[in-house]
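Just entry.cif here, mmCIF, C-alpha atoms and all ligand atoms:
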data_target
loop_
_atom_site.label_atom_id
_atom_site.label_comp_id
_atom_site.auth_asym_id
_atom_site.auth_seq_id
_atom_site.Cartn_x
_atom_site.Cartn_y
_atom_site.Cartn_z
CA MET H 1 -162.55 -58.15 -59.65
CA ASP H 2 -160.39 -58.02 -56.58
CA PRO H 3 -162.03 -55.62 -54.10
CA ALA H 4 -158.55 -54.37 -53.08
CA VAL H 5 -158.19 -52.66 -56.48
CA ASP H 6 -159.38 -49.08 -56.60
CA LEU H 7 -160.99 -48.46 -59.93
CA VAL H 8 -160.69 -44.81 -60.91
CA PRO H 9 -163.31 -44.07 -63.60
CA ALA H 10 -161.27 -41.41 -65.44
CA ARG H 11 -158.24 -43.69 -65.66
CA LEU H 12 -160.35 -46.62 -66.80
CA ARG H 13 -161.87 -44.45 -69.53
CA ARG H 14 -158.36 -43.58 -70.67
CA ALA H 15 -157.33 -47.25 -70.52
CA ARG H 16 -160.30 -48.24 -72.69
CA ALA H 17 -159.59 -45.47 -75.19
CA ILE H 18 -155.97 -46.67 -75.49
CA VAL H 19 -157.02 -50.29 -76.08
CA ARG H 20 -159.68 -49.21 -78.62
CA ARG H 21 -157.19 -47.04 -80.52
CA SER H 22 -154.72 -49.89 -80.77
CA ALA H 23 -157.44 -52.35 -81.78
CA GLY H 24 -158.24 -49.86 -84.57
CA VAL H 25 -154.90 -50.78 -86.16
CA ARG H 26 -156.42 -53.74 -87.92
CA PRO H 27 -154.72 -57.05 -87.31
CA PRO H 28 -154.68 -59.64 -90.14
CA PRO H 29 -158.29 -60.78 -90.80
CA SER H 30 -157.20 -64.44 -90.64
CA LEU H 31 -156.14 -63.92 -87.01
CA LEU H 32 -159.36 -62.13 -86.12
CA ARG H 33 -161.44 -64.92 -87.68
CA LEU H 34 -159.46 -67.45 -85.70
CA GLU H 35 -159.81 -65.48 -82.49
CA GLU H 36 -163.58 -65.53 -82.99
CA ALA H 37 -163.63 -69.21 -83.96
CA ILE H 38 -161.85 -70.28 -80.77
CA ARG H 39 -164.86 -69.01 -78.82
CA ASP H 40 -167.32 -70.94 -81.02
CA PRO H 41 -168.20 -74.14 -79.12
CA ASP H 42 -169.50 -75.80 -82.31
CA LEU H 43 -166.19 -75.67 -84.14
CA SER H 44 -164.22 -78.92 -84.38
CA MET H 45 -160.45 -79.22 -83.92
CA PRO H 46 -159.83 -79.94 -87.65
CA GLN H 47 -161.86 -76.81 -88.57
CA LEU H 48 -159.86 -74.79 -86.08
CA ALA H 49 -156.61 -76.23 -87.43
CA ARG H 50 -157.60 -75.08 -90.93
CA LEU H 51 -158.07 -71.54 -89.63
CA VAL H 52 -154.67 -71.69 -87.89
CA GLU H 53 -153.18 -72.84 -91.20
CA ALA H 54 -154.42 -69.65 -92.87
CA ASN H 55 -151.84 -67.72 -90.85
CA PRO H 56 -148.50 -69.36 -91.65
CA SER H 57 -146.45 -67.64 -88.95
CA LEU H 58 -148.97 -68.64 -86.28
CA ALA H 59 -149.22 -72.18 -87.69
CA ALA H 60 -145.43 -72.51 -87.43
CA ARG H 61 -145.54 -71.18 -83.88
CA VAL H 62 -148.28 -73.64 -82.86
CA LEU H 63 -146.35 -76.60 -84.32
CA ARG H 64 -143.07 -75.52 -82.80
CA MET H 65 -144.71 -74.96 -79.43
CA ALA H 66 -146.35 -78.41 -79.43
CA ASN H 67 -142.91 -79.90 -80.20
CA SER H 68 -141.05 -77.76 -77.67
CA ALA H 69 -139.49 -78.74 -74.35
CA LEU H 70 -142.68 -77.41 -72.74
CA TYR H 71 -144.82 -80.30 -74.00
CA ALA H 72 -141.98 -82.72 -74.83
CA PRO H 73 -144.07 -85.08 -77.02
CA SER H 74 -142.72 -88.63 -77.34
CA GLN H 75 -143.26 -88.49 -81.13
CA PRO H 76 -142.73 -85.40 -83.28
CA VAL H 77 -146.04 -83.56 -83.83
CA THR H 78 -146.46 -82.76 -87.53
CA ASP H 79 -150.25 -82.54 -87.71
CA LEU H 80 -151.69 -79.10 -86.94
CA ALA H 81 -154.97 -80.46 -85.52
CA ARG H 82 -153.00 -82.57 -83.06
CA ALA H 83 -150.78 -79.61 -82.17
CA VAL H 84 -153.90 -77.51 -81.46
CA THR H 85 -155.28 -80.33 -79.25
CA ILE H 86 -152.00 -80.54 -77.32
CA LEU H 87 -151.90 -76.80 -76.68
CA GLY H 88 -155.57 -76.54 -75.77
CA LEU H 89 -157.91 -73.65 -76.50
CA THR H 90 -156.85 -71.44 -73.56
CA VAL H 91 -153.22 -71.41 -74.64
CA LEU H 92 -154.09 -71.16 -78.35
CA ARG H 93 -156.24 -68.08 -77.78
CA GLN H 94 -153.51 -66.30 -75.81
CA LEU H 95 -151.05 -67.24 -78.54
CA VAL H 96 -153.35 -65.68 -81.13
CA LEU H 97 -153.82 -62.51 -79.03
CA THR H 98 -150.05 -62.29 -78.44
CA THR H 99 -149.45 -62.62 -82.18
CA ILE H 100 -152.05 -59.90 -82.87
CA VAL H 101 -150.51 -57.48 -80.34
CA LEU H 102 -146.93 -58.14 -81.43
CA ALA H 103 -147.67 -58.00 -85.16
CA ARG H 104 -149.49 -54.67 -84.92
CA GLY H 105 -146.47 -52.47 -84.35
CA THR H 106 -144.04 -54.27 -86.65
CA GLY H 107 -142.53 -51.83 -89.08
CA TRP H 108 -143.24 -48.62 -87.22
CA ARG H 109 -141.93 -49.15 -83.69
CA SER H 110 -138.66 -47.26 -83.13
CA PRO H 111 -135.60 -49.36 -82.14
CA HIS H 112 -136.14 -48.30 -78.52
CA GLN H 113 -139.80 -49.29 -78.62
CA ALA H 114 -138.99 -52.60 -80.32
CA LEU H 115 -136.43 -53.36 -77.59
CA ALA H 116 -138.88 -52.50 -74.80
CA VAL H 117 -141.54 -54.74 -76.39
CA ALA H 118 -139.02 -57.59 -76.83
CA ARG H 119 -137.87 -57.33 -73.21
CA THR H 120 -141.43 -57.26 -71.91
CA MET H 121 -142.30 -60.33 -73.97
CA ALA H 122 -139.10 -62.19 -73.02
CA ASN H 123 -139.98 -61.63 -69.37
CA ALA H 124 -143.58 -62.70 -70.02
CA VAL H 125 -142.69 -65.99 -71.75
CA ARG H 126 -140.21 -66.90 -68.99
CA THR H 127 -142.84 -66.04 -66.37
CA ALA H 128 -145.40 -68.10 -68.30
CA ALA H 129 -143.24 -71.24 -68.25
CA ALA H 130 -142.44 -70.68 -64.56
CA ALA H 131 -146.13 -70.14 -63.70
CA ARG H 132 -147.01 -73.37 -65.51
CA ALA H 133 -144.35 -75.28 -63.55
CA LEU H 134 -145.49 -73.79 -60.22
CA ALA H 135 -149.14 -74.57 -60.97
CA GLN H 136 -148.17 -78.17 -61.74
CA MET H 137 -145.96 -78.60 -58.67
CA ALA H 138 -148.38 -76.99 -56.22
CA ALA H 139 -151.56 -78.28 -57.93
CA ALA H 140 -152.75 -74.72 -57.27
CA ALA H 141 -154.23 -73.88 -60.67
CA ASP H 142 -154.74 -75.31 -64.15
CA PRO H 143 -151.21 -75.26 -65.64
CA ASP H 144 -152.46 -74.18 -69.09
CA GLU H 145 -154.45 -71.34 -67.57
CA ALA H 146 -151.42 -70.26 -65.52
CA PHE H 147 -149.27 -70.27 -68.67
CA ALA H 148 -151.85 -68.36 -70.70
CA ALA H 149 -152.43 -65.78 -67.97
CA ALA H 150 -148.72 -65.07 -67.52
CA LEU H 151 -148.09 -64.85 -71.25
CA LEU H 152 -150.28 -61.75 -71.54
CA HIS H 153 -150.08 -60.43 -67.96
CA ASP H 154 -148.12 -57.32 -69.04
CA VAL H 155 -150.01 -56.63 -72.26
CA GLY H 156 -150.70 -53.19 -70.75
CA HIS H 157 -147.00 -52.38 -71.18
CA LEU H 158 -147.17 -53.27 -74.88
CA GLU H 159 -150.26 -51.13 -75.39
CA LEU H 160 -148.61 -48.20 -73.61
CA VAL H 161 -145.41 -48.48 -75.68
CA ASP H 162 -147.59 -48.13 -78.78
CA GLU H 163 -149.67 -45.30 -77.26
CA ILE H 164 -146.93 -43.15 -75.72
CA GLY H 165 -143.90 -44.19 -77.75
CA ASP H 166 -140.27 -43.49 -76.84
CA PRO H 167 -140.79 -41.90 -73.38
CA TYR H 168 -142.62 -45.03 -72.22
CA ALA H 169 -140.06 -47.33 -73.86
CA ALA H 170 -137.31 -45.42 -72.03
CA TYR H 171 -139.23 -45.80 -68.78
CA LEU H 172 -139.51 -49.57 -69.28
CA LEU H 173 -135.88 -49.97 -70.30
CA GLY H 174 -134.51 -47.73 -67.55
CA GLY H 175 -136.67 -48.76 -64.63
CA PRO H 176 -136.15 -51.62 -62.19
CA ALA H 177 -136.64 -55.03 -63.81
CA LEU H 178 -139.20 -55.93 -61.17
CA LEU H 179 -141.74 -53.14 -60.97
CA GLU H 180 -143.13 -52.67 -57.50
CA ASP H 181 -144.14 -49.02 -57.48
CA LEU H 182 -146.53 -48.03 -60.25
CA SER H 183 -146.67 -44.31 -59.39
CA PRO H 184 -143.92 -43.25 -61.87
CA GLU H 185 -145.89 -45.06 -64.59
CA LEU H 186 -149.07 -43.30 -63.55
CA ALA H 187 -147.30 -39.93 -63.70
CA LEU H 188 -145.95 -40.68 -67.18
CA ALA H 189 -148.95 -42.36 -68.77
CA GLY H 190 -151.93 -41.13 -66.75
CA VAL H 191 -152.90 -44.76 -66.31
CA THR H 192 -151.17 -47.96 -65.13
CA HIS H 193 -150.40 -51.00 -67.29
CA GLN H 194 -152.72 -52.99 -65.00
CA GLU H 195 -155.64 -50.69 -65.85
CA VAL H 196 -154.83 -51.00 -69.55
CA GLY H 197 -154.64 -54.79 -69.04
CA LEU H 198 -158.09 -54.72 -67.46
CA ALA H 199 -159.45 -52.75 -70.43
CA PHE H 200 -157.78 -55.23 -72.80
CA GLY H 201 -159.46 -58.14 -71.00
CA TRP H 202 -162.86 -56.42 -71.32
CA GLU H 203 -162.34 -55.45 -74.94
CA TRP H 204 -161.44 -59.01 -76.00
CA GLY H 205 -163.97 -60.63 -73.66
CA LEU H 206 -161.32 -62.66 -71.83
CA PRO H 207 -162.50 -64.85 -68.96
CA HIS H 208 -162.32 -63.38 -65.46
CA PRO H 209 -159.23 -65.30 -64.22
CA LEU H 210 -157.09 -64.06 -67.13
CA THR H 211 -158.38 -60.48 -66.93
CA SER H 212 -157.85 -60.50 -63.19
CA VAL H 213 -154.18 -61.42 -63.66
CA MET H 214 -153.67 -58.53 -66.09
CA ALA H 215 -155.41 -56.16 -63.67
CA THR H 216 -154.03 -57.18 -60.27
CA HIS H 217 -150.64 -58.94 -60.53
CA HIS H 218 -148.92 -56.10 -58.61
CA GLU H 219 -151.63 -55.80 -55.95
CA GLY H 220 -150.88 -58.74 -53.66
CA SER H 221 -154.17 -60.21 -54.87
CA ALA H 222 -156.02 -62.75 -52.75
CA GLU H 223 -156.91 -64.70 -55.91
CA VAL H 224 -154.72 -67.69 -56.74
CA LEU H 225 -153.82 -66.94 -60.36
CA PRO H 226 -152.59 -63.32 -59.99
CA ALA H 227 -150.60 -64.36 -56.91
CA LEU H 228 -149.11 -67.32 -58.80
CA VAL H 229 -148.04 -65.14 -61.72
CA ALA H 230 -146.51 -62.56 -59.36
CA ILE H 231 -144.54 -65.28 -57.56
CA ALA H 232 -143.40 -66.78 -60.87
CA GLU H 233 -142.23 -63.36 -62.07
CA ARG H 234 -140.29 -62.76 -58.85
CA LEU H 235 -138.57 -66.14 -59.21
CA VAL H 236 -137.74 -65.47 -62.87
CA HIS H 237 -136.30 -62.12 -61.86
CA GLY H 238 -134.22 -63.90 -59.21
CA VAL H 239 -132.74 -66.26 -61.79
CA ALA H 240 -131.94 -63.36 -64.13
CA HIS H 241 -130.37 -61.47 -61.25
CA ALA H 242 -128.37 -64.23 -59.58
CA GLY H 243 -128.02 -66.93 -62.25
CA LEU H 244 -127.38 -70.19 -60.39
CA PRO H 245 -127.70 -71.45 -56.81
CA ALA H 246 -123.87 -71.33 -56.69
CA ASP H 247 -123.95 -67.54 -57.27
CA PRO H 248 -123.21 -65.62 -54.02
CA ARG H 249 -126.29 -63.42 -54.64
CA TRP H 250 -128.55 -66.49 -54.89
CA GLU H 251 -129.20 -66.64 -51.16
CA GLU H 252 -130.48 -63.06 -51.09
CA VAL H 253 -132.70 -63.55 -54.14
CA ALA H 254 -133.99 -66.96 -53.06
CA SER H 255 -134.96 -65.86 -49.59
CA ALA H 256 -136.82 -62.87 -51.06
CA ALA H 257 -138.85 -65.28 -53.20
CA GLU H 258 -139.33 -67.86 -50.48
CA ALA H 259 -142.48 -66.32 -48.97
CA GLY H 260 -144.26 -66.77 -52.30
CA LEU H 261 -143.19 -70.38 -52.57
CA VAL H 262 -144.35 -71.08 -49.02
CA ARG H 263 -147.70 -69.54 -49.89
CA LEU H 264 -148.02 -72.13 -52.65
CA GLY H 265 -146.99 -74.90 -50.25
CA LEU H 266 -143.65 -75.32 -52.06
CA SER H 267 -140.07 -75.31 -50.86
CA ARG H 268 -137.07 -73.54 -52.29
CA GLY H 269 -135.58 -76.97 -53.06
CA ALA H 270 -138.56 -77.84 -55.27
CA TRP H 271 -138.02 -74.62 -57.27
CA GLU H 272 -134.28 -75.21 -57.63
CA ALA H 273 -134.95 -78.77 -58.78
CA VAL H 274 -137.25 -77.59 -61.59
CA LEU H 275 -134.88 -74.85 -62.80
CA PRO H 276 -132.78 -76.92 -65.24
CA ARG H 277 -135.97 -78.04 -67.04
CA LEU H 278 -137.28 -74.48 -67.03
CA ARG H 279 -134.12 -73.16 -68.64
CA GLY H 280 -134.73 -75.57 -71.53
CA GLU H 281 -138.33 -74.36 -71.82
CA TRP H 282 -137.26 -70.71 -71.76
CA ALA H 283 -134.83 -71.30 -74.60
CA SER H 284 -137.59 -72.96 -76.70
CA LEU H 285 -140.08 -70.20 -75.95
CA LEU H 286 -137.70 -67.32 -76.67
CA ASP H 287 -136.92 -68.96 -80.00
CA LEU H 288 -140.62 -69.46 -80.68
CA PHE H 289 -141.40 -65.77 -80.28
CA ASP H 290 -138.25 -64.67 -82.14
CA LEU H 291 -136.86 -63.17 -78.94
CA VAL H 292 -133.26 -63.25 -77.87
CA ALA H 293 -132.10 -63.95 -74.33
CA GLY H 294 -131.08 -60.87 -72.40
FE FE H 301 -144.69 -58.43 -65.25
FE FE H 302 -146.85 -55.95 -64.57
#
Would you give me this structure, written as structure tokens?
Amino acid sequence: MDPAVDLVPARLRRARAIVRRSAGVRPPPSLLRLEEAIRDPDLSMPQLARLVEANPSLAARVLRMANSALYAPSQPVTDLARAVTILGLTVLRQLVLTTIVLARGTGWRSPHQALAVARTMANAVRTAAAARALAQMAAAADPDEAFAAALLHDVGHLELVDEIGDPYAAYLLGGPALLEDLSPELALAGVTHQEVGLAFGWEWGLPHPLTSVMATHHEGSAEVLPALVAIAERLVHGVAHAGLPADPRWEEVASAAEAGLVRLGLSRGAWEAVLPRLRGEWASLLDLFDLVAG
């Protein structure tokens, strides 16, 4: 873990208790079996595809994702085993975990909580596509790993919505879209969403790079992947805030994000050039997760 992060034992204990409590709300057994199978090196793609098939909503998501603007296959992908191969195991596992976390609260989250969860996820899927594009352009990280890491980087927020309920949902909905200062969260929840993310990574045995992103994306981490996700999120925020390069606020937003791009060896022009493609990917992804733009 990044040495810059201060680990406070009492807060980590609380983070682990929160993750354990939420894991106690049993997700569908078919998803748990699949989650386990993905880590089994002896399992073949067709076997894995059969397990994906056992969960129809996930199977639909996997097929739609393989056919989306993100992968843009030259021929439509109709075979689940091929779709799983296209996505790769890193992305598939995050997709399964995302489905588990999102499915858990369905039916009992209040409208406020549901909205906070939807906004958090909409931001995460946009950041995921942006992180993938940045990783590709800068050749800084494995694009699939960048996508997977960003998809679940704020899972701590989702866990805390389910743990604390409406006060935390109100905090997420009312706070600045780009969280910089985590002290109000600490005062409200007794723990930060990064600490809960760290506990989540431990609980599910996620590999270090993914756990590190969940635990340190607000820390100015020296590691590539957390920094990449933080830069992607800042750029996504910029687009949401200023819209298009023609917008008068664009200059302000773009120059704020420029330091991150420079760190990746990229220019602002390269980011602006990739934006039209990204907008297409965002639309596919929001649709895929049943999220609406906003
Ligand atoms: Fe975030
Ligand atoms: Fe965050």
Problem set entry | Contacts of Ala49 (chain H) within 12 Å, all atoms listed in the file, excl. fewer than 5 positions in-chain, as number ranges by chain | H: 34, 37-38, 43-44, 54-56, 58-60, 62-63, 79-89, 92
Problem set entry | At most 9 Å from ligand FE 302 (chain H) (all atoms listed in the file): residue list as a list in words | His153, Asp154, Val155, Gly156, His157, Leu178, Leu179, Glu180, His193, Gln194, Met214, Ala215, Thr216, His217, His218 and Ala230 of chain H
Problem set entry | Residues near Ala133 (chain H), cut-off 12 Å, all atoms listed in the file, skip fewer than 3 positions along chain, as a ChimeraX atom specification | /H:70-71,126-130,136-147,150,228-229,231-232,235-236,264,266,270-279,281-282
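Across H:Pro209, H:Gly265, H:Pro248, H:Gly197, the tightest approach to ligand FE 301 (chain H) is made by H:Gly197 when counting all atoms listed in the file.
Those residues that approach Gly190 (chain H) to within 7 Å, counting only C-alpha atoms, are Arg11, Leu186 and Ala187 of chain H; same-chain residues fewer than 3 positions away are not listed.
Nearest residue to ligand FE 301 (chain H) among H:Arg109, H:Arg119, H:Arg249, H:Arg263 is H:Arg119, counting only C-alpha atoms and all ligand atoms.
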Problem set entry | Nearest candidate to ligand FE 301 (chain H) (options H:Asp290, H:Glu233, H:Glu35, H:Asp181; using all atoms listed in the file) | H:Glu233
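Across the structure, CA of Val213 (chain H) and CA of Val52 (chain H) are spaced 26.3 Å apart.
Of the listed residues H:Gly105, H:Ala240, H:Ser255, H:Ser57, the one whose atoms come nearest to Ala122 (chain H) is H:Ala240, with distances taken using all atoms listed in the file.
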For this session: May I have the protein, DNA and RNA residues with an atom at most 8 Å from (-149.4, -65.9, -82.2), counting only C-alpha atoms in the file's coordinates, returned as a ChimeraX atom specification?
Result: /H:57-58,61-62,94-100
Seminar exercise, completed: The distance between CA of Thr211 (chain H) and CA of Thr90 (chain H) is 12.9 Å
Exercise. Using all atoms listed in the file, which residue out of H:Asp287, H:Asp162, H:Glu219, H:Glu251 lies closest to ligand FE 301 (chain H)?
Worked result: H:Glu219
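Distance annotation: of H:Leu198, H:Ala10, H:Leu158, H:Ala116, the residue with the minimal separation from Gly175 (chain H) is H:Ala116; atom set is all atoms listed in the file.
Between CA of Tyr171 (chain H) and CA of Val196 (chain H) the separation is 16.5 Å.
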For this session: Compile the contact shell of Pro9 (chain H) as a list in words: residues with an atom at most 12 Å away, counting all atoms listed in the file, same-chain residues fewer than 5 positions apart removed.
Result: Arg14, Ala15, Arg16, Val191, Glu195 and Ala199 of chain H
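Near Ser22 (chain H), within a cut-off of 10 Å and counting only C-alpha atoms, sit the residues Arg16, Ala17, Ile18, Arg26, Pro27, Val101, Arg104, Gly105, Glu159, Leu160, Asp162 and Glu163 of chain H, with same-chain residues fewer than 4 positions away left out.
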